[in-house]
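Novice: If it helps, the file is called upload_28.cif and holds mmCIF, C-alpha atoms and all ligand atoms:
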```cif
data_model
#
loop_
_atom_site.label_atom_id
_atom_site.label_comp_id
_atom_site.auth_asym_id
_atom_site.auth_seq_id
_atom_site.Cartn_x
_atom_site.Cartn_y
_atom_site.Cartn_z
CA MET A 1 -26.37 145.93 33.64
CA VAL A 2 -24.35 145.27 30.48
CA PHE A 3 -24.54 142.22 28.18
CA TYR A 4 -22.69 141.27 25.00
CA ILE A 5 -24.24 139.53 21.99
CA ALA A 6 -22.36 138.02 19.06
CA GLY A 7 -23.88 138.20 15.58
CA GLY A 8 -25.37 134.88 14.54
CA ASP A 9 -25.38 133.62 18.12
CA PHE A 10 -29.04 132.92 18.67
CA SER A 11 -28.54 130.72 21.71
CA ASN A 12 -27.27 133.69 23.70
CA ALA A 13 -29.84 136.15 22.41
CA GLY A 14 -32.28 136.31 25.28
CA LYS A 15 -29.77 136.30 28.12
CA ALA A 16 -30.07 140.05 28.63
CA SER A 17 -33.87 140.01 28.57
CA SER A 18 -33.87 137.05 30.95
CA GLN A 19 -31.64 138.81 33.51
CA ILE A 20 -33.59 142.04 33.17
CA LYS A 21 -36.82 140.13 33.77
CA LYS A 22 -35.42 138.68 37.01
CA ALA A 23 -34.24 142.10 38.19
CA LEU A 24 -37.60 143.76 37.47
CA LYS A 25 -39.46 140.95 39.27
CA GLN A 26 -37.30 141.55 42.34
CA LEU A 27 -38.28 145.21 42.22
CA ASN A 28 -41.94 144.12 42.18
CA VAL A 29 -42.64 145.85 38.89
CA ASN A 30 -46.08 144.78 37.61
CA ALA A 31 -46.22 141.76 35.30
CA LYS A 32 -47.69 143.62 32.33
CA SER A 33 -44.90 146.21 32.29
CA ILE A 34 -42.28 143.50 32.71
CA LYS A 35 -43.62 141.61 29.73
CA GLN A 36 -43.63 144.73 27.54
CA ILE A 37 -40.07 145.60 28.55
CA VAL A 38 -38.55 142.14 28.13
CA VAL A 39 -40.33 141.54 24.82
CA ALA A 40 -38.78 144.79 23.53
CA VAL A 41 -35.31 143.83 24.81
CA TYR A 42 -35.61 140.34 23.34
CA GLU A 43 -36.64 141.68 19.92
CA ALA A 44 -33.60 143.98 20.02
CA GLU A 45 -31.28 141.13 21.00
CA VAL A 46 -32.61 138.94 18.20
CA ASN A 47 -32.04 141.80 15.75
CA VAL A 48 -28.38 141.97 16.75
CA ALA A 49 -27.98 138.20 16.38
CA ALA A 50 -29.88 138.23 13.07
CA HIS A 51 -28.62 141.36 11.37
CA ALA A 52 -25.40 142.61 13.00
CA TRP A 53 -21.88 141.39 13.78
CA GLU A 54 -21.76 142.05 17.49
CA GLY A 55 -23.58 144.17 19.99
CA LYS A 56 -24.06 145.29 23.54
CA VAL A 57 -27.15 145.75 25.68
CA THR A 58 -27.03 148.29 28.48
CA ALA A 59 -29.96 148.55 30.87
CA LEU A 60 -30.42 151.36 33.37
CA ILE A 61 -33.05 150.20 35.81
CA GLY A 62 -34.62 153.04 37.76
CA GLU A 63 -37.32 153.28 40.36
CA ASN A 64 -40.03 154.28 37.91
CA ASP A 65 -38.57 153.48 34.52
CA ILE A 66 -35.99 151.53 32.60
CA GLN A 67 -33.76 152.81 29.82
CA VAL A 68 -32.22 150.35 27.43
CA ILE A 69 -29.48 150.97 24.89
CA VAL A 70 -28.67 148.30 22.32
CA SER A 71 -25.70 149.25 20.18
CA ASP A 72 -24.13 147.08 17.55
CA ARG A 73 -21.36 146.97 15.00
CA GLY A 74 -22.96 145.82 11.80
CA PRO A 75 -24.27 146.74 8.37
CA GLY A 76 -26.52 149.48 9.76
CA ILE A 77 -29.96 150.40 8.46
CA GLU A 78 -30.18 152.41 5.26
CA ASP A 79 -33.78 153.53 5.56
CA ILE A 80 -35.02 153.48 9.16
CA GLN A 81 -38.57 154.45 8.22
CA GLN A 82 -38.77 151.50 5.85
CA ALA A 83 -37.26 149.16 8.47
CA MET A 84 -39.96 150.24 10.94
CA GLN A 85 -42.73 149.20 8.54
CA PRO A 86 -44.41 145.97 9.67
CA GLY A 87 -43.53 143.29 7.14
CA PHE A 88 -40.26 144.78 5.89
CA SER A 89 -37.42 142.32 6.45
CA THR A 90 -34.04 141.47 5.00
CA ALA A 91 -33.66 138.41 7.24
CA SER A 92 -31.84 135.41 5.80
CA LYS A 93 -33.39 132.01 5.18
CA GLU A 94 -31.61 130.67 8.30
CA VAL A 95 -33.15 133.39 10.45
CA ARG A 96 -36.60 132.65 9.02
CA GLU A 97 -36.21 128.96 9.70
CA MET A 98 -35.56 129.82 13.33
CA GLY A 99 -38.96 131.45 13.61
CA PHE A 100 -37.98 135.09 12.99
CA GLY A 101 -37.74 137.48 10.08
CA ALA A 102 -41.34 138.56 9.66
CA GLY A 103 -40.42 142.24 9.81
CA MET A 104 -42.41 142.78 12.98
CA GLY A 105 -39.67 143.36 15.55
CA LEU A 106 -39.05 147.10 15.35
CA SER A 107 -42.75 147.99 15.26
CA ASN A 108 -43.29 145.63 18.19
CA ILE A 109 -40.54 147.41 20.15
CA GLU A 110 -42.25 150.71 19.41
CA LYS A 111 -45.61 149.34 20.55
CA ASN A 112 -44.19 148.09 23.85
CA THR A 113 -42.12 151.12 24.85
CA ASN A 114 -42.78 154.74 25.74
CA GLU A 115 -39.88 156.36 23.93
CA MET A 116 -37.85 154.82 21.15
CA ASN A 117 -35.04 156.12 18.99
CA ILE A 118 -32.87 154.51 16.31
CA GLU A 119 -29.61 155.91 14.95
CA SER A 120 -27.72 154.06 12.31
CA GLN A 121 -24.59 154.43 10.18
CA VAL A 122 -24.49 152.22 7.11
CA GLY A 123 -21.46 149.95 7.28
CA GLU A 124 -20.79 150.80 10.92
CA GLY A 125 -23.71 149.93 13.11
CA THR A 126 -26.95 150.76 14.82
CA THR A 127 -27.92 152.16 18.19
CA LEU A 128 -31.43 151.58 19.46
CA LYS A 129 -32.55 153.33 22.62
CA PHE A 130 -35.82 152.99 24.39
CA ARG A 131 -37.45 153.83 27.68
CA CYS A 132 -40.41 152.34 29.52
CA PHE A 133 -42.24 153.70 32.51
CA TYR A 134 -43.63 151.08 34.87
CA SER A 135 -47.40 151.45 34.83
CA MET B 1 -58.64 123.65 30.26
CA LYS B 2 -56.42 121.72 32.62
CA ILE B 3 -53.01 120.48 31.50
CA SER B 4 -54.16 116.95 32.35
CA GLU B 5 -57.02 117.34 29.89
CA ILE B 6 -54.68 118.59 27.16
CA LEU B 7 -52.41 115.58 27.73
CA HIS B 8 -55.39 113.28 27.46
CA LEU B 9 -57.01 114.87 24.39
CA ALA B 10 -53.75 115.30 22.45
CA ASP B 11 -52.24 111.99 23.48
CA ALA B 12 -49.35 114.15 24.70
CA ARG B 13 -46.71 113.75 27.36
CA ILE B 14 -44.86 116.25 29.53
CA ILE B 15 -41.14 116.54 28.87
CA ALA B 16 -40.36 119.52 31.10
CA GLY B 17 -42.05 121.13 34.06
CA ILE B 18 -44.69 119.86 36.42
CA ALA B 19 -48.40 120.17 35.81
CA ASP B 20 -50.06 122.00 38.66
CA SER B 21 -53.67 121.00 39.26
CA ASN B 22 -54.46 124.72 39.53
CA ASP B 23 -53.24 125.41 35.98
CA ASP B 24 -56.21 126.38 33.88
CA LEU B 25 -55.74 127.64 30.35
CA HIS B 26 -58.48 129.46 28.48
CA LYS B 27 -56.87 130.21 25.13
CA ALA B 28 -54.34 128.84 22.67
CA PHE B 29 -52.32 130.09 19.72
CA SER B 30 -50.77 127.94 16.98
CA SER B 31 -47.70 129.34 15.22
CA ASP B 32 -44.18 128.59 14.03
CA LEU B 33 -43.48 132.29 13.83
CA MET B 34 -41.91 133.63 17.02
CA SER B 35 -42.06 137.18 15.59
CA ASP B 36 -45.83 136.81 15.71
CA VAL B 37 -45.99 135.19 19.16
CA LEU B 38 -44.01 138.15 20.55
CA THR B 39 -46.74 140.56 19.45
CA LEU B 40 -49.50 138.86 21.49
CA ASP B 41 -50.88 140.88 24.39
CA GLU B 42 -52.45 137.80 25.85
CA ASP B 43 -50.42 135.75 28.35
CA ASN B 44 -50.96 132.46 30.13
CA ILE B 45 -51.99 130.76 26.90
CA LEU B 46 -51.07 127.43 25.35
CA LEU B 47 -48.64 127.77 22.45
CA ILE B 48 -48.92 125.00 19.85
CA THR B 49 -45.98 124.87 17.47
CA GLY B 50 -43.99 122.82 14.99
CA LEU B 51 -40.85 124.79 15.80
CA SER B 52 -38.44 123.15 18.19
CA ASN B 53 -35.48 125.28 19.19
CA LEU B 54 -34.14 127.31 22.08
CA GLN B 55 -35.69 130.53 20.71
CA LEU B 56 -39.11 128.97 21.17
CA ILE B 57 -38.51 128.62 24.90
CA ARG B 58 -36.97 132.10 25.15
CA THR B 59 -40.01 133.52 23.36
CA ALA B 60 -42.35 131.73 25.77
CA GLU B 61 -40.32 133.06 28.70
CA MET B 62 -40.54 136.69 27.52
CA ALA B 63 -44.20 136.45 26.47
CA ASP B 64 -45.28 134.92 29.82
CA ILE B 65 -46.44 131.72 28.14
CA ASN B 66 -46.29 128.84 30.60
CA ALA B 67 -47.44 125.96 28.43
CA VAL B 68 -45.95 124.88 25.09
CA LEU B 69 -47.04 121.92 22.98
CA LEU B 70 -44.68 120.56 20.32
CA ALA B 71 -46.74 119.05 17.52
CA ARG B 72 -46.08 116.14 15.24
CA GLY B 73 -43.55 114.41 17.43
CA LYS B 74 -41.00 117.25 17.31
CA GLN B 75 -38.36 116.43 19.91
CA ALA B 76 -37.04 118.95 22.39
CA THR B 77 -33.28 119.31 22.89
CA PRO B 78 -31.73 119.00 26.38
CA GLU B 79 -31.03 122.77 26.32
CA MET B 80 -34.71 123.46 25.65
CA ILE B 81 -35.77 121.21 28.51
CA GLU B 82 -33.29 122.83 30.88
CA LEU B 83 -34.42 126.37 29.98
CA ALA B 84 -38.08 125.39 30.25
CA GLU B 85 -37.50 123.87 33.70
CA GLU B 86 -35.61 126.98 34.80
CA ASN B 87 -38.55 129.17 33.83
CA GLY B 88 -41.39 127.01 35.05
CA ILE B 89 -42.63 126.36 31.51
CA ILE B 90 -44.52 123.13 30.91
CA LEU B 91 -43.25 121.59 27.69
CA MET B 92 -45.29 118.83 26.04
CA GLU B 93 -44.97 116.64 22.95
CA THR B 94 -47.83 115.27 20.87
CA PRO B 95 -47.66 112.95 17.84
CA TYR B 96 -50.59 114.87 16.28
CA SER B 97 -50.15 117.59 13.64
CA ILE B 98 -50.77 121.23 14.50
CA TYR B 99 -53.99 121.09 12.49
CA LYS B 100 -55.31 118.02 14.25
CA VAL B 101 -54.36 119.01 17.77
CA SER B 102 -55.68 122.57 17.32
CA GLY B 103 -58.99 121.19 16.05
CA ILE B 104 -59.36 118.77 18.93
CA LEU B 105 -58.53 121.30 21.64
CA TYR B 106 -60.69 123.99 20.04
CA SER B 107 -63.72 121.75 19.81
CA ASN B 108 -63.23 120.84 23.46
CA GLY B 109 -63.48 124.45 24.53
CA LEU B 110 -59.96 125.90 24.38
CA LYS B 111 -60.59 129.29 22.76
CA GLU B 112 -58.62 131.21 20.15
CA VAL B 113 -56.53 134.32 20.89
CA TYR B 114 -57.69 135.81 17.58
N1 LIG C 201 -29.49 145.97 14.41
C1 LIG C 201 -29.75 145.96 13.08
N2 LIG C 201 -28.74 146.05 12.18
C2 LIG C 201 -29.00 146.07 10.86
N3 LIG C 201 -30.23 145.99 10.32
C3 LIG C 201 -31.27 145.91 11.16
C4 LIG C 201 -31.10 145.88 12.59
N4 LIG C 201 -32.31 145.79 13.17
C5 LIG C 201 -33.20 145.76 12.17
N5 LIG C 201 -32.58 145.83 10.95
C6 LIG C 201 -33.23 145.87 9.62
O1 LIG C 201 -34.58 146.23 9.77
C7 LIG C 201 -35.43 145.17 9.28
C8 LIG C 201 -36.70 145.09 10.12
O2 LIG C 201 -36.37 144.71 11.45
P1 LIG C 201 -37.50 144.02 12.34
O3 LIG C 201 -36.92 143.69 13.65
O4 LIG C 201 -38.72 144.88 12.32
O5 LIG C 201 -37.84 142.71 11.50
P2 LIG C 201 -36.96 141.39 11.31
O6 LIG C 201 -35.87 141.36 12.31
O7 LIG C 201 -36.57 141.31 9.89
O8 LIG C 201 -38.04 140.25 11.61
P3 LIG C 201 -38.73 139.94 13.06
O9 LIG C 201 -38.26 140.99 14.00
O10 LIG C 201 -40.18 139.97 12.81
O11 LIG C 201 -38.25 138.60 13.44
C9 LIG C 201 -34.54 143.94 9.31
O12 LIG C 201 -34.97 142.94 8.43
C10 LIG C 201 -33.20 144.52 8.92
O13 LIG C 201 -33.12 144.76 7.54
MG MG C 202 -36.37 141.67 14.35
#
```
Can the structure in the file be given as structure tokens, please?
Ligand SMILES: Nc1ncnc2c1ncn2[C@@H]1O[C@H](COP(=O)(O)OP(=O)(O)OP(=O)(O)O)[C@@H](O)[C@H]1O
Ligand SMILES: [Mg+2]
Specialist:
Amino acid sequence: MVFYIAGGDFSNAGKASSQIKKALKQLNVNAKSIKQIVVAVYEAEVNVAAHAWEGKVTALIGENDIQVIVSDRGPGIEDIQQAMQPGFSTASKEVREMGFGAGMGLSNIEKNTNEMNIESQVGEGTTLKFRCFYS
Amino acid sequence: MKISEILHLADARIIAGIADSNDDLHKAFSSDLMSDVLTLDEDNILLITGLSNLQLIRTAEMADINAVLLARGKQATPEMIELAEENGIILMETPYSIYKVSGILYSNGLKEVY
């Protein structure tokens, strides 16, 4: 499954997680795993809308696991370790007013997934990959 | 706590979804910060908030939260109502502030998440 997200477009952020949730439900994946997976995808979608120019979500749904790749064109992340710290955020006032920008997203993705990897080129974009095994 | 009891105690009304007499909530969380709501391990809770936008409903959808109470007369948009209906989320509005409604529900037995 592939989904596109435009930077700044918060009303569409969530469409990928919503479709993935439906697909996982149909596969009878347990509710706890589904929640962990879709929370991680949603956090990643919101990050594209909040911080990047445009992005793409690709989900590979397997029998026992899901792999998700969220790649964007955007400003990139200069210091990934710093970005992972709970509380670190460069979110704009607009993003904060929408209920985001607490600097908790990346650490929450890490908490909810089994494997997570971020690669980023400043000025070009960011690719976030993660994998979850259904418990 | 039944949805009907929440409606009664908070002088609230339902604007999306249908209350099921089997719905029974044990805990609630009050926040305007969706970043924080997304970190909760608990599901099937009541979310009390002063935030009224589409991201609120999306957050509830992903976090398996089936009941949302908009405090202080915050109005839901048609898009919010549509998305809530689609996902079986009960959306309610109360004229009370977050502080007041949280206090009332808490003292009537609706527990905290933290
Ligand atoms: N896709 C991205 N492109 C560019 N920068 C990013 C991206 N994702 C995250 N960042 C940077 O990393 C920081 C931390 O991200 P994180 O998701 O943890 O928090 P946040 O998005 O600021 O707030 P929250 O997720 O709590 O709403 C961001 O503020 C931003 O500076
Ligand atoms: Mg984020």
Novice: What are the residues of chain A lining chain B at 8 Å or less? Count only C-alpha atoms, and put the answer as number ranges by chain.
Specialist: A: 10-11, 14, 17-18, 35, 38-39, 42, 98-105, 108
Novice: Name the closest residue to ligand MG 202 (chain C) among the candidates A:Cys132, A:Ala59, A:Val46, A:Ile37; distances are taken between atoms, counting all atoms listed in the file.
Specialist: A:Val46
Novice: Place a sphere of radius 9 Å on (-28.0, 141.4, 7.4) in the file coordinates and name every protein, DNA or RNA residue with an atom inside or on its surface, counting all atoms listed in the file; give the answer as a list in words.
Specialist: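 Nearby residues: Ala50, His51, Ala52, Trp53, Gly74, Pro75, Gly76, Thr90, Ala91 and Ser92 of chain A.
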Novice: Using all atoms listed in the file, can you tell me which of B:Asn108, B:Asn66, B:Tyr99, B:Ala16 comes closest to B:Pro78?
Specialist: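 Between B:Asn108, B:Asn66, B:Tyr99, B:Ala16, the residue approaching B:Pro78 most closely is B:Ala16.
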Novice: Which of these residues is nearest to ligand LIG 201 (chain C), using all atoms listed in the file: A:Ile109, A:Ile77, A:Val95, A:Ile69?
Specialist: A:Ile77
Novice: Counting only C-alpha atoms, find residues at most 6 Å from (-39.6, 119.3, 25.9) (file frame) and give them as number ranges by chain.
Specialist: B: 15-16, 76, 81, 91-92
Novice: Store the residues of this selection in a file with C-alpha atoms, as a PDB file, in the coordinates of the input.
Specialist:
```
ATOM      1  CA  ILE B  15     -41.140 116.540  28.870  1.00  0.00           C
ATOM      2  CA  ALA B  16     -40.360 119.520  31.100  1.00  0.00           C
ATOM      3  CA  ALA B  76     -37.040 118.950  22.390  1.00  0.00           C
ATOM      4  CA  ILE B  81     -35.770 121.210  28.510  1.00  0.00           C
ATOM      5  CA  LEU B  91     -43.250 121.590  27.690  1.00  0.00           C
ATOM      6  CA  MET B  92     -45.290 118.830  26.040  1.00  0.00           C
TER       7      MET B  92
END
```
Novice: Please report the interatomic distance between atom CA of A:Leu106 and atom CA of A:Ile61 in Å with one decimal.
Specialist: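 These two atoms are separated by 21.5 Å.
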Novice: Find the residues near B:Arg72: any atom within 10 Å, counting all atoms listed in the file, skip ones fewer than 6 places away on the same chain, and give them as a list in words.
Specialist: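 The filter keeps Thr49, Gly50, Glu93, Thr94, Pro95, Tyr96, Ser97, Ile98, Tyr99, Lys100 and Val101 of chain B.
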Novice: Do you have the atom CA of A:Leu27-atom CA of A:Gln67 distance handy?
Specialist: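 If I compute the distance from atom CA of A:Leu27 to atom CA of A:Gln67, I get 15.2 Å.
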Novice: So which one's closest to ligand LIG 201 (chain C), A:Gln19, A:Asn64, A:Asn47, A:Gln121? Using all atoms listed in the file, please.
Specialist: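 Using all atoms listed in the file, ligand LIG 201 (chain C) sits closest to A:Asn47.
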Novice: Could you list, as a ChimeraX atom specification, every residue within 8 Å of A:Phe133, counting only C-alpha atoms and ignoring same-chain residues fewer than 2 positions away?
Specialist: /A:33,64-66,114,131,135
